[in-house]
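Source file work.cif; content: mmCIF, C-alpha atoms and all ligand atoms.
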```
data_run
loop_
_atom_site.label_atom_id
_atom_site.label_comp_id
_atom_site.auth_asym_id
_atom_site.auth_seq_id
_atom_site.Cartn_x
_atom_site.Cartn_y
_atom_site.Cartn_z
CA MET A 1 -101.43 -114.00 47.84
CA THR A 2 -102.10 -110.69 46.05
CA LYS A 3 -100.43 -107.29 46.11
CA ARG A 4 -103.48 -105.96 47.92
CA ASP A 5 -102.99 -108.49 50.74
CA VAL A 6 -99.39 -107.35 51.12
CA VAL A 7 -100.31 -103.66 51.13
CA ARG A 8 -102.99 -104.31 53.73
CA ALA A 9 -100.53 -106.19 55.94
CA ILE A 10 -97.98 -103.38 55.70
CA LEU A 11 -100.33 -100.43 56.17
CA ARG A 12 -102.43 -102.12 58.90
CA ASP A 13 -104.58 -99.35 60.38
CA ARG A 14 -102.71 -96.50 58.68
CA ARG A 15 -105.03 -94.04 57.04
CA LEU A 16 -105.36 -92.79 53.48
CA GLU A 17 -105.79 -89.09 54.20
CA PRO A 18 -103.66 -87.12 51.75
CA ALA A 19 -101.84 -83.99 52.84
CA GLY A 20 -101.28 -81.63 49.89
CA GLU A 21 -98.41 -82.60 47.64
CA ALA A 22 -95.56 -84.95 48.45
CA ARG A 23 -92.13 -85.07 46.82
CA ALA A 24 -89.55 -87.80 46.85
CA PHE A 25 -86.31 -88.73 45.16
CA ALA A 26 -84.94 -92.24 44.60
CA PRO A 27 -81.71 -93.14 42.82
CA ALA A 28 -81.54 -95.60 39.95
CA ASN A 29 -79.55 -98.73 40.67
CA ILE A 30 -77.50 -101.13 38.58
CA ALA A 31 -77.19 -104.76 39.66
CA LEU A 32 -73.69 -106.16 40.00
CA CYS A 33 -75.21 -109.58 40.72
CA LYS A 34 -78.45 -109.75 38.75
CA TYR A 35 -82.05 -110.42 39.61
CA TRP A 36 -83.20 -112.72 36.84
CA GLY A 37 -86.30 -114.87 37.33
CA LYS A 38 -89.32 -114.58 39.62
CA ARG A 39 -90.50 -117.24 42.01
CA ASP A 40 -93.80 -115.30 42.26
CA GLU A 41 -94.85 -113.10 39.35
CA GLU A 42 -97.62 -111.25 41.17
CA LEU A 43 -95.43 -110.10 44.06
CA ASN A 44 -92.16 -109.80 42.11
CA LEU A 45 -90.43 -112.30 44.37
CA PRO A 46 -87.05 -113.34 42.99
CA VAL A 47 -85.58 -116.81 42.57
CA THR A 48 -82.24 -115.58 43.92
CA PRO A 49 -80.81 -112.70 45.95
CA SER A 50 -79.16 -109.85 44.04
CA LEU A 51 -76.76 -107.01 44.77
CA SER A 52 -76.68 -103.51 43.32
CA VAL A 53 -75.10 -100.10 43.45
CA SER A 54 -77.14 -96.91 43.25
CA LEU A 55 -76.31 -94.22 40.74
CA GLY A 56 -75.73 -91.39 43.20
CA ALA A 57 -77.81 -88.36 42.30
CA LEU A 58 -79.14 -89.95 39.10
CA GLY A 59 -82.70 -91.18 39.45
CA ALA A 60 -86.33 -90.10 39.70
CA GLU A 61 -87.76 -87.04 41.41
CA THR A 62 -91.50 -87.43 41.87
CA ALA A 63 -94.29 -85.09 42.96
CA LEU A 64 -97.55 -86.74 43.99
CA SER A 65 -100.96 -85.34 44.84
CA VAL A 66 -104.60 -86.36 44.78
CA VAL A 67 -106.88 -85.07 41.99
CA ASP A 68 -110.52 -85.30 40.96
CA GLY A 69 -110.87 -87.59 37.98
CA PRO A 70 -108.49 -90.06 36.38
CA ASP A 71 -104.77 -90.29 37.05
CA VAL A 72 -102.45 -87.84 35.35
CA VAL A 73 -98.96 -89.19 34.75
CA ILE A 74 -96.30 -86.81 33.49
CA VAL A 75 -92.77 -87.94 32.80
CA ASN A 76 -90.08 -85.39 32.00
CA GLY A 77 -92.64 -82.71 31.22
CA ALA A 78 -94.83 -84.71 28.82
CA SER A 79 -97.77 -87.10 29.22
CA ALA A 80 -96.41 -90.60 29.74
CA ASP A 81 -97.07 -93.22 27.08
CA ASP A 82 -99.94 -95.66 27.60
CA ARG A 83 -97.75 -98.51 28.82
CA VAL A 84 -96.20 -96.38 31.57
CA VAL A 85 -99.59 -94.89 32.55
CA ARG A 86 -101.06 -98.39 32.86
CA ARG A 87 -98.22 -99.61 35.07
CA VAL A 88 -98.39 -96.55 37.31
CA THR A 89 -102.19 -96.63 37.51
CA ASP A 90 -102.21 -100.35 38.36
CA TYR A 91 -99.74 -99.64 41.14
CA LEU A 92 -101.69 -96.65 42.47
CA ASP A 93 -104.87 -98.77 42.50
CA LEU A 94 -103.35 -100.40 45.57
CA PHE A 95 -103.44 -97.09 47.42
CA ARG A 96 -106.71 -95.29 46.63
CA PRO A 97 -108.75 -93.96 49.55
CA GLU A 98 -111.84 -94.35 47.30
CA PRO A 99 -111.97 -96.13 43.95
CA ASP A 100 -112.67 -92.88 42.09
CA VAL A 101 -109.82 -90.89 43.65
CA GLY A 102 -107.12 -90.08 41.09
CA TYR A 103 -103.49 -89.11 41.45
CA ARG A 104 -101.28 -86.63 39.71
CA VAL A 105 -97.79 -88.05 39.35
CA GLU A 106 -95.09 -85.86 37.93
CA THR A 107 -91.69 -87.49 37.56
CA ASN A 108 -88.44 -86.10 36.32
CA SER A 109 -86.10 -88.90 35.49
CA SER A 110 -82.43 -88.27 34.87
CA VAL A 111 -81.93 -91.80 33.49
CA PRO A 112 -83.02 -92.70 29.93
CA LEU A 113 -86.37 -94.51 30.07
CA ALA A 114 -86.93 -98.10 28.95
CA ALA A 115 -83.43 -98.66 27.60
CA GLY A 116 -82.26 -101.11 30.22
CA LEU A 117 -80.97 -98.23 32.29
CA ALA A 118 -82.89 -98.92 35.42
CA SER A 119 -85.58 -96.26 34.99
CA SER A 120 -88.34 -98.35 36.57
CA SER A 121 -86.23 -99.02 39.66
CA SER A 122 -85.98 -95.35 40.61
CA GLY A 123 -89.50 -94.58 39.38
CA PHE A 124 -91.34 -97.04 41.62
CA ALA A 125 -89.04 -96.42 44.58
CA ALA A 126 -89.72 -92.68 44.34
CA LEU A 127 -93.46 -93.36 44.04
CA ALA A 128 -93.49 -95.57 47.16
CA LEU A 129 -91.57 -92.90 49.06
CA ALA A 130 -93.91 -90.15 47.83
CA LEU A 131 -96.96 -92.17 48.98
CA ASN A 132 -95.35 -92.60 52.39
CA THR A 133 -94.92 -88.83 52.64
CA LEU A 134 -98.33 -87.94 51.16
CA TYR A 135 -100.10 -90.07 53.76
CA ASP A 136 -97.58 -89.57 56.53
CA TRP A 137 -97.36 -93.31 57.15
CA LYS A 138 -93.83 -93.20 58.62
CA LEU A 139 -93.02 -96.66 57.28
CA ASP A 140 -89.50 -98.00 57.81
CA ALA A 141 -87.05 -98.85 55.04
CA ARG A 142 -87.96 -102.54 55.04
CA ALA A 143 -91.68 -101.87 54.52
CA LEU A 144 -90.95 -99.27 51.85
CA SER A 145 -88.60 -101.67 50.07
CA ILE A 146 -91.42 -104.24 49.96
CA LEU A 147 -93.90 -101.66 48.64
CA ALA A 148 -91.42 -100.53 45.97
CA ARG A 149 -90.89 -104.18 44.95
CA LEU A 150 -94.61 -104.52 44.19
CA GLY A 151 -94.12 -101.88 41.47
CA SER A 152 -90.92 -103.30 40.01
CA GLY A 153 -88.61 -105.91 41.51
CA SER A 154 -85.39 -103.95 41.21
CA ALA A 155 -87.07 -100.87 42.75
CA CYS A 156 -86.73 -102.45 46.20
CA ARG A 157 -82.96 -101.78 45.95
CA SER A 158 -83.42 -98.09 45.08
CA LEU A 159 -84.01 -96.68 48.55
CA TYR A 160 -80.36 -96.46 49.52
CA PRO A 161 -77.22 -94.76 48.34
CA GLY A 162 -74.25 -97.01 47.63
CA PHE A 163 -74.42 -100.80 47.65
CA ALA A 164 -77.54 -102.80 48.52
CA ARG A 165 -78.46 -106.45 48.76
CA TRP A 166 -81.94 -107.82 48.08
CA ARG A 167 -82.71 -110.94 50.09
CA ALA A 168 -84.69 -113.40 48.03
CA GLY A 169 -86.66 -114.59 51.07
CA GLU A 170 -88.65 -117.78 51.28
CA ARG A 171 -92.09 -116.75 52.44
CA ALA A 172 -95.07 -116.87 50.10
CA ASP A 173 -96.14 -113.37 51.19
CA GLY A 174 -92.66 -111.98 50.49
CA MET A 175 -92.37 -110.23 53.85
CA ASP A 176 -88.78 -111.51 54.02
CA SER A 177 -87.92 -110.32 50.50
CA TYR A 178 -86.55 -106.77 50.70
CA ALA A 179 -83.31 -104.89 50.16
CA GLU A 180 -80.88 -103.69 52.79
CA PRO A 181 -77.87 -101.42 52.49
CA ILE A 182 -74.38 -102.91 52.56
CA GLU A 183 -72.47 -100.91 55.12
CA ALA A 184 -69.41 -100.21 53.03
CA GLU A 185 -68.24 -97.15 51.18
CA TRP A 186 -65.89 -97.19 48.23
CA PRO A 187 -65.21 -93.54 47.34
CA ALA A 188 -63.16 -94.33 44.21
CA PHE A 189 -65.77 -96.66 42.70
CA ARG A 190 -67.23 -95.43 39.41
CA ILE A 191 -69.82 -96.59 36.91
CA GLY A 192 -69.70 -95.41 33.32
CA LEU A 193 -72.93 -95.48 31.33
CA LEU A 194 -72.61 -96.12 27.62
CA THR A 195 -75.95 -95.42 25.98
CA LEU A 196 -75.66 -97.29 22.71
CA SER A 197 -79.36 -97.23 21.93
CA ALA A 198 -82.30 -95.51 23.59
CA ALA A 199 -84.85 -97.40 21.48
CA PRO A 200 -87.56 -99.30 23.40
CA LYS A 201 -86.68 -102.90 24.19
CA PRO A 202 -88.00 -105.65 21.91
CA ILE A 203 -89.20 -107.59 24.97
CA GLY A 204 -89.77 -106.49 28.55
CA SER A 205 -87.85 -108.01 31.44
CA ARG A 206 -90.97 -109.64 32.92
CA GLU A 207 -91.70 -111.64 29.78
CA ALA A 208 -88.01 -112.35 29.22
CA MET A 209 -87.62 -113.72 32.75
CA ARG A 210 -90.68 -115.90 32.36
CA ARG A 211 -89.51 -117.36 29.08
CA THR A 212 -86.03 -117.98 30.48
CA ARG A 213 -87.38 -119.83 33.51
CA GLU A 214 -89.73 -121.89 31.41
CA THR A 215 -87.45 -122.92 28.56
CA SER A 216 -83.74 -122.49 29.38
CA LEU A 217 -81.89 -125.53 30.61
CA LEU A 218 -78.91 -123.33 31.42
CA TYR A 219 -81.11 -121.34 33.81
CA ARG A 220 -81.14 -124.33 36.14
CA SER A 221 -77.56 -123.53 37.07
CA TRP A 222 -78.34 -119.82 37.67
CA PRO A 223 -78.99 -120.09 41.45
CA ASP A 224 -75.57 -121.73 41.93
CA LYS A 225 -73.95 -119.10 39.78
CA VAL A 226 -75.54 -116.31 41.85
CA ARG A 227 -74.52 -117.92 45.12
CA GLY A 228 -70.85 -117.80 44.16
CA ASP A 229 -70.95 -114.39 42.47
CA ILE A 230 -72.85 -112.55 45.19
CA ALA A 231 -70.44 -113.76 47.88
CA ALA A 232 -67.43 -112.77 45.75
CA ILE A 233 -68.91 -109.34 44.96
CA GLU A 234 -69.81 -108.54 48.55
CA ALA A 235 -66.33 -109.58 49.74
CA ALA A 236 -64.76 -107.48 46.95
CA ILE A 237 -66.79 -104.42 47.99
CA ARG A 238 -65.56 -104.74 51.56
CA ALA A 239 -61.95 -105.22 50.36
CA ARG A 240 -62.32 -102.50 47.67
CA ASP A 241 -60.89 -105.04 45.24
CA LEU A 242 -61.95 -103.87 41.77
CA PRO A 243 -60.60 -106.85 39.75
CA ALA A 244 -62.37 -109.32 42.06
CA LEU A 245 -65.61 -107.34 41.87
CA GLY A 246 -65.32 -106.78 38.13
CA GLU A 247 -64.61 -110.39 37.26
CA ALA A 248 -67.58 -111.67 39.22
CA ALA A 249 -69.98 -108.91 38.08
CA GLU A 250 -69.01 -109.20 34.42
CA SER A 251 -69.29 -112.98 34.50
CA ASN A 252 -72.66 -112.72 36.22
CA ALA A 253 -74.06 -110.37 33.57
CA LEU A 254 -72.73 -112.50 30.71
CA ALA A 255 -74.20 -115.64 32.29
CA MET A 256 -77.58 -113.93 32.61
CA HIS A 257 -77.49 -113.11 28.90
CA GLY A 258 -76.31 -116.67 28.28
CA THR A 259 -79.50 -118.02 29.83
CA MET A 260 -81.51 -115.70 27.57
CA MET A 261 -79.70 -116.93 24.47
CA ASP A 262 -80.49 -120.48 25.60
CA THR A 263 -84.19 -119.59 25.77
CA ARG A 264 -86.72 -120.62 23.08
CA PRO A 265 -87.37 -118.53 21.15
CA PRO A 266 -84.01 -116.93 22.02
CA ILE A 267 -83.76 -113.47 23.54
CA ILE A 268 -80.84 -111.37 22.38
CA TYR A 269 -80.81 -107.79 23.63
CA TRP A 270 -77.36 -107.12 22.24
CA LEU A 271 -76.70 -104.92 19.23
CA PRO A 272 -73.53 -104.94 17.14
CA GLU A 273 -72.51 -101.86 19.18
CA THR A 274 -72.83 -103.92 22.37
CA VAL A 275 -70.25 -106.41 21.15
CA THR A 276 -67.97 -103.62 19.95
CA ALA A 277 -68.14 -101.97 23.38
CA LEU A 278 -67.50 -105.24 25.20
CA ARG A 279 -64.48 -105.93 23.04
CA ALA A 280 -63.18 -102.45 23.73
CA VAL A 281 -63.51 -103.10 27.48
CA PHE A 282 -61.61 -106.38 27.13
CA GLN A 283 -58.90 -104.65 25.07
CA LEU A 284 -58.54 -101.82 27.60
CA ARG A 285 -58.11 -104.47 30.27
CA ALA A 286 -55.52 -106.31 28.18
CA ASP A 287 -53.71 -102.97 27.96
CA GLY A 288 -53.50 -102.92 31.74
CA VAL A 289 -56.49 -100.76 32.76
CA PRO A 290 -58.78 -102.53 35.27
CA VAL A 291 -62.22 -102.03 33.69
CA TYR A 292 -65.13 -104.45 33.57
CA ALA A 293 -68.56 -104.46 31.99
CA THR A 294 -72.10 -105.24 33.05
CA MET A 295 -75.39 -105.17 31.14
CA ASP A 296 -79.07 -105.43 31.98
CA ALA A 297 -82.12 -106.30 29.92
CA GLY A 298 -81.08 -104.08 27.03
CA PRO A 299 -78.20 -103.38 24.64
CA ASN A 300 -76.43 -100.77 26.74
CA VAL A 301 -73.15 -101.37 28.53
CA LYS A 302 -72.11 -100.12 31.95
CA ILE A 303 -68.45 -99.99 32.82
CA LEU A 304 -67.04 -100.59 36.29
CA PHE A 305 -63.74 -98.99 37.26
CA GLU A 306 -62.04 -96.74 39.79
CA LYS A 307 -61.57 -92.99 39.70
CA GLN A 308 -57.84 -93.15 38.92
CA HIS A 309 -58.65 -94.77 35.56
CA ALA A 310 -61.36 -92.32 34.52
CA ALA A 311 -59.12 -90.57 31.98
CA ASP A 312 -58.26 -93.88 30.24
CA VAL A 313 -61.92 -94.84 30.15
CA ARG A 314 -63.00 -91.48 28.77
CA GLU A 315 -60.31 -91.53 26.13
CA ARG A 316 -61.60 -94.88 24.86
CA PHE A 317 -65.31 -93.99 25.27
CA PRO A 318 -65.67 -90.21 24.71
CA ASP A 319 -69.49 -90.27 25.11
CA ILE A 320 -69.50 -92.10 28.42
CA ARG A 321 -71.39 -90.69 31.39
CA ILE A 322 -69.33 -91.30 34.51
CA ILE A 323 -71.17 -91.63 37.81
CA ASP A 324 -69.64 -91.08 41.23
CA VAL A 325 -71.95 -93.50 43.03
CA HIS A 326 -71.38 -91.98 46.46
CA ASN A 327 -72.16 -88.44 45.34
CA THR A 328 -75.80 -88.53 46.32
CA ASP A 329 -76.40 -84.83 46.68
CA ALA A 330 -77.70 -85.91 50.11
CA ARG A 331 -81.09 -86.62 48.52
CA CYS A 332 -81.36 -90.30 49.34
CA PRO A 333 -84.21 -91.12 51.70
CA PHE A 334 -82.05 -93.19 54.03
CA PRO A 335 -78.67 -91.49 53.61
CA ASP A 336 -77.27 -92.72 56.88
CA ALA A 337 -77.85 -96.34 56.01
CA GLY A 338 -75.28 -96.86 53.30
O1 LIG B 401 -87.06 -104.76 38.07
P1 LIG B 401 -87.22 -105.29 36.71
O2 LIG B 401 -88.44 -106.12 36.56
O3 LIG B 401 -87.12 -104.20 35.67
O4 LIG B 401 -86.01 -106.32 36.39
C1 LIG B 401 -84.68 -105.88 36.27
C2 LIG B 401 -83.80 -106.99 35.83
C3 LIG B 401 -82.36 -106.61 35.51
O5 LIG B 401 -82.21 -105.23 35.36
C4 LIG B 401 -81.96 -107.28 34.20
C5 LIG B 401 -81.41 -107.12 36.59
C6 LIG B 401 -81.44 -106.38 37.89
O6 LIG B 401 -81.13 -107.02 38.90
O7 LIG B 401 -81.71 -105.18 37.93
#
```

Translate this structure into structure tokens?
Amino acid sequence: MTKRDVVRAILRDRRLEPAGEARAFAPANIALCKYWGKRDEELNLPVTPSLSVSLGALGAETALSVVDGPDVVIVNGASADDRVVRRVTDYLDLFRPEPDVGYRVETNSSVPLAAGLASSSSGFAALALALNTLYDWKLDARALSILARLGSGSACRSLYPGFARWRAGERADGMDSYAEPIEAEWPAFRIGLLTLSAAPKPIGSREAMRRTRETSLLYRSWPDKVRGDIAAIEAAIRARDLPALGEAAESNALAMHGTMMDTRPPIIYWLPETVTALRAVFQLRADGVPVYATMDAGPNVKILFEKQHAADVRERFPDIRIIDVHNTDARCPFPDAG
């Protein structure tokens, strides 16, 4: 099964007749229960389900149009680097009316790129949404989530504001592997972003996942771990129970990094600053402030807490960027869903 087969099945007899320029916004998302490991590398099908929260108005704003000649990819006002251009071009290859038709993609991303801060999630979700608008396909959220997944797994969760759950699915074509919103709001919920390093990652998440699956014995217990954590996190969201959510999310992130450390050769994304930040979170908690940490495939730390503790968090981490996850600026494509 190839990406092309999936695109064909989703678009059916829809046409590739571009209409001027299309614009779309998609929020970045941070997993509270992580996606780690693919059961199908071509289609980005996950071994387990995962659960995320979107970063409100923080994400990617993309303008898309058709041009004569090769693709032009501009990120934050400058030509994108070769690696990004290749990924975007490969993705757009799935949607060319003629092989020689190029696209102009201009993205403004309000999340730091390639630092484990979920930039590819919003980028590919915004691109899938912009394609839908450019060609006036009128696809539903499920189909768009699947198309976004073909660009980057976690992008399938970036169509919604608030909390979302990505079903792992079982089918080989992945038509049952898409994200859906969790119908629960938690107005006081906050995420703090601690950017400890914006340097490019030593190893991409695709390669890191592959190596983990192939060589980590600990990874064998990961599906069980996710089963327990995702149920606890979803229940905690509905109950607005920050300690229950935080304990499960923090443990889930640390376990994911544990599987990477168990991998040969080992993968350690952490920097000394990562450990310092984690210890500061633990200390703040010991001092009575309910704060918890999560991390992705990078050294940066995200802190989970509620609004009433924002002053304590800011005092301890003066450079933190605090996100009100439900403040979407009403720009989310499916705002009524979450
Ligand atoms: O979507 P990808 O291939 O960038 O993978 C993201 C993996 C993690 O960020 C580490 C976890 C997650 O669920 O987002």

Item to complete: Rank nothing, just name the residue among A:Gly192, A:Pro299, A:Pro70, A:Gly228 nearest to ligand LIG 401 (chain B), using all atoms listed in the file.
Response: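 Closest candidate: A:Pro299.
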
Worksheet item: By how many Å are atom CA of Tyr292 of chain A and atom CA of Pro243 of chain A apart?
Response: 8.0 Å

Mind listing the residues within 8 Å of ligand LIG 401 (chain B), all atoms listed in the file counted, as a short mmCIF file (atom, residue, chain, number, x, y, z; two decimals) with C-alpha atoms, keeping the file's coordinate frame?
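Everything below was put into part-v4.cif:
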```
data_model
loop_
_atom_site.label_atom_id
_atom_site.label_comp_id
_atom_site.auth_asym_id
_atom_site.auth_seq_id
_atom_site.Cartn_x
_atom_site.Cartn_y
_atom_site.Cartn_z
CA ASN A 29 -79.55 -98.73 40.67
CA ILE A 30 -77.50 -101.13 38.58
CA ALA A 31 -77.19 -104.76 39.66
CA LEU A 32 -73.69 -106.16 40.00
CA CYS A 33 -75.21 -109.58 40.72
CA LYS A 34 -78.45 -109.75 38.75
CA TYR A 35 -82.05 -110.42 39.61
CA TRP A 36 -83.20 -112.72 36.84
CA ASN A 44 -92.16 -109.80 42.11
CA SER A 50 -79.16 -109.85 44.04
CA LEU A 51 -76.76 -107.01 44.77
CA SER A 52 -76.68 -103.51 43.32
CA GLY A 116 -82.26 -101.11 30.22
CA LEU A 117 -80.97 -98.23 32.29
CA ALA A 118 -82.89 -98.92 35.42
CA SER A 120 -88.34 -98.35 36.57
CA SER A 121 -86.23 -99.02 39.66
CA ARG A 149 -90.89 -104.18 44.95
CA SER A 152 -90.92 -103.30 40.01
CA GLY A 153 -88.61 -105.91 41.51
CA SER A 154 -85.39 -103.95 41.21
CA ALA A 155 -87.07 -100.87 42.75
CA GLY A 204 -89.77 -106.49 28.55
CA SER A 205 -87.85 -108.01 31.44
CA ARG A 206 -90.97 -109.64 32.92
CA MET A 295 -75.39 -105.17 31.14
CA ASP A 296 -79.07 -105.43 31.98
CA ALA A 297 -82.12 -106.30 29.92
CA GLY A 298 -81.08 -104.08 27.03
#
```

Worksheet item: Separation of atom CA of Ile74 of chain A and atom CA of Pro18 of chain A, in Å?
Response: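 According to the coordinates, atom CA of Ile74 of chain A and atom CA of Pro18 of chain A are separated by 19.7 Å.
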
Practice prompt. Give as a ChimeraX atom specification every residue, naming chains and numbers as the document does, that has an atom within 12 Å of (-89.9, -117.2, 27.6), counting all atoms listed in the file.
Written response: /A:37,203-217,219,259-268

Filtering to C-alpha atoms, could you give me those residues as a tab-separated table (two decimals), in the coordinates of the input?
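The new file out_8.tsv reads:
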```tsv
chain	number	residue	atom	x	y	z
A	37	GLY	CA	-86.30	-114.87	37.33
A	203	ILE	CA	-89.20	-107.59	24.97
A	204	GLY	CA	-89.77	-106.49	28.55
A	205	SER	CA	-87.85	-108.01	31.44
A	206	ARG	CA	-90.97	-109.64	32.92
A	207	GLU	CA	-91.70	-111.64	29.78
A	208	ALA	CA	-88.01	-112.35	29.22
A	209	MET	CA	-87.62	-113.72	32.75
A	210	ARG	CA	-90.68	-115.90	32.36
A	211	ARG	CA	-89.51	-117.36	29.08
A	212	THR	CA	-86.03	-117.98	30.48
A	213	ARG	CA	-87.38	-119.83	33.51
A	214	GLU	CA	-89.73	-121.89	31.41
A	215	THR	CA	-87.45	-122.92	28.56
A	216	SER	CA	-83.74	-122.49	29.38
A	217	LEU	CA	-81.89	-125.53	30.61
A	219	TYR	CA	-81.11	-121.34	33.81
A	259	THR	CA	-79.50	-118.02	29.83
A	260	MET	CA	-81.51	-115.70	27.57
A	261	MET	CA	-79.70	-116.93	24.47
A	262	ASP	CA	-80.49	-120.48	25.60
A	263	THR	CA	-84.19	-119.59	25.77
A	264	ARG	CA	-86.72	-120.62	23.08
A	265	PRO	CA	-87.37	-118.53	21.15
A	266	PRO	CA	-84.01	-116.93	22.02
A	267	ILE	CA	-83.76	-113.47	23.54
A	268	ILE	CA	-80.84	-111.37	22.38
```

Item to complete: Would you work out the distance separating atom CA of Ala143 of chain A from atom CA of Glu180 of chain A, expressed in Å to one decimal?
Response: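 Here the two named atoms are 11.1 Å from each other.
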
Discussion item. Considering all atoms listed in the file, can you say which of A:Ala57, A:Arg279, A:Glu98, A:Tyr103 comes closest to Val72 of chain A?
Written reply: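 Ranking A:Ala57, A:Arg279, A:Glu98, A:Tyr103 by distance to Val72 of chain A, first place goes to A:Tyr103.
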
Between segment 57-97 of chain A and segment 123-132 of chain A, at 12 Å or less, what are the per-residue closest atom pairs and their distances in Å? Count only C-alpha atoms, order by chain and rising residue number, and return it as a tab-separated table.
```
residue	atom	partner	partner_atom	distance
A:Leu58	CA	A:Gly123	CA	11.4
A:Gly59	CA	A:Gly123	CA	7.6
A:Ala60	CA	A:Gly123	CA	5.5
A:Glu61	CA	A:Ala126	CA	6.7
A:Thr62	CA	A:Ala126	CA	6.1
A:Ala63	CA	A:Ala130	CA	7.0
A:Leu64	CA	A:Ala130	CA	6.3
A:Ser65	CA	A:Leu131	CA	8.9
A:Val66	CA	A:Leu131	CA	10.5
A:Val73	CA	A:Leu127	CA	11.6
A:Ile74	CA	A:Gly123	CA	11.9
A:Val75	CA	A:Gly123	CA	9.9
A:Asn76	CA	A:Gly123	CA	11.8
A:Val84	CA	A:Gly123	CA	10.4
A:Arg87	CA	A:Phe124	CA	9.8
A:Val88	CA	A:Phe124	CA	8.3
A:Thr89	CA	A:Leu127	CA	11.4
A:Asp90	CA	A:Phe124	CA	11.8
A:Tyr91	CA	A:Phe124	CA	8.8
A:Leu92	CA	A:Leu127	CA	9.0
A:Leu94	CA	A:Leu131	CA	11.0
A:Phe95	CA	A:Leu131	CA	8.3
A:Arg96	CA	A:Leu131	CA	10.5
A:Pro97	CA	A:Leu131	CA	11.9
```

Worksheet entry | Distance criterion (only C-alpha atoms): nearest to Ala239 of chain A out of A:Val67, A:Tyr160, A:Val301, A:Ala184 | A:Ala184

Worksheet item: Please, which residues are within 9 Å of (-57.1, -100.6, 35.3) by the file's coordinates, counting all atoms listed in the file, and could they come as an NGL selection string?
Response: :A and (242-243 or 284-285 or 287-291 or 305-306 or 308-309 or 312)

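Among the candidates A:Val111, A:Leu134, A:Ala9, A:Ala280, the residue lying nearest to Ala22 of chain A is A:Leu134 (atoms considered: all atoms listed in the file).
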
Can you fill out segment 63-73 of chain A with N, CA, C and O atoms and hand it back as a short mmCIF file (atom, residue, chain, number, x, y, z; two decimals), in the coordinates of the input?
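What follows is the written file result30.cif:
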```
data_model
loop_
_atom_site.label_atom_id
_atom_site.label_comp_id
_atom_site.auth_asym_id
_atom_site.auth_seq_id
_atom_site.Cartn_x
_atom_site.Cartn_y
_atom_site.Cartn_z
N ALA A 63 -93.31 -85.86 42.19
CA ALA A 63 -94.29 -85.09 42.96
C ALA A 63 -95.62 -85.81 42.84
O ALA A 63 -96.01 -86.24 41.74
N LEU A 64 -96.31 -85.96 43.97
CA LEU A 64 -97.55 -86.74 43.99
C LEU A 64 -98.64 -85.99 44.74
O LEU A 64 -98.41 -85.46 45.84
N SER A 65 -99.82 -85.93 44.14
CA SER A 65 -100.96 -85.34 44.84
C SER A 65 -102.23 -86.04 44.38
O SER A 65 -102.22 -86.78 43.39
N VAL A 66 -103.31 -85.76 45.11
CA VAL A 66 -104.60 -86.36 44.78
C VAL A 66 -105.38 -85.40 43.89
O VAL A 66 -105.30 -84.18 44.08
N VAL A 67 -106.08 -85.93 42.87
CA VAL A 67 -106.88 -85.07 41.99
C VAL A 67 -108.29 -85.65 41.82
O VAL A 67 -108.51 -86.84 42.05
N ASP A 68 -109.22 -84.79 41.38
CA ASP A 68 -110.52 -85.30 40.96
C ASP A 68 -110.37 -85.87 39.57
O ASP A 68 -109.73 -85.25 38.73
N GLY A 69 -110.95 -87.02 39.32
CA GLY A 69 -110.87 -87.59 37.98
C GLY A 69 -109.74 -88.58 37.85
O GLY A 69 -109.13 -88.97 38.85
N PRO A 70 -109.48 -88.99 36.60
CA PRO A 70 -108.49 -90.06 36.38
C PRO A 70 -107.06 -89.61 36.67
O PRO A 70 -106.79 -88.41 36.78
N ASP A 71 -106.18 -90.59 36.78
CA ASP A 71 -104.77 -90.29 37.05
C ASP A 71 -104.15 -89.47 35.92
O ASP A 71 -104.48 -89.65 34.75
N VAL A 72 -103.25 -88.61 36.32
CA VAL A 72 -102.45 -87.84 35.35
C VAL A 72 -101.01 -88.23 35.59
O VAL A 72 -100.51 -88.11 36.71
N VAL A 73 -100.35 -88.75 34.57
CA VAL A 73 -98.96 -89.19 34.75
C VAL A 73 -98.07 -88.43 33.77
O VAL A 73 -98.22 -88.54 32.55
#
```
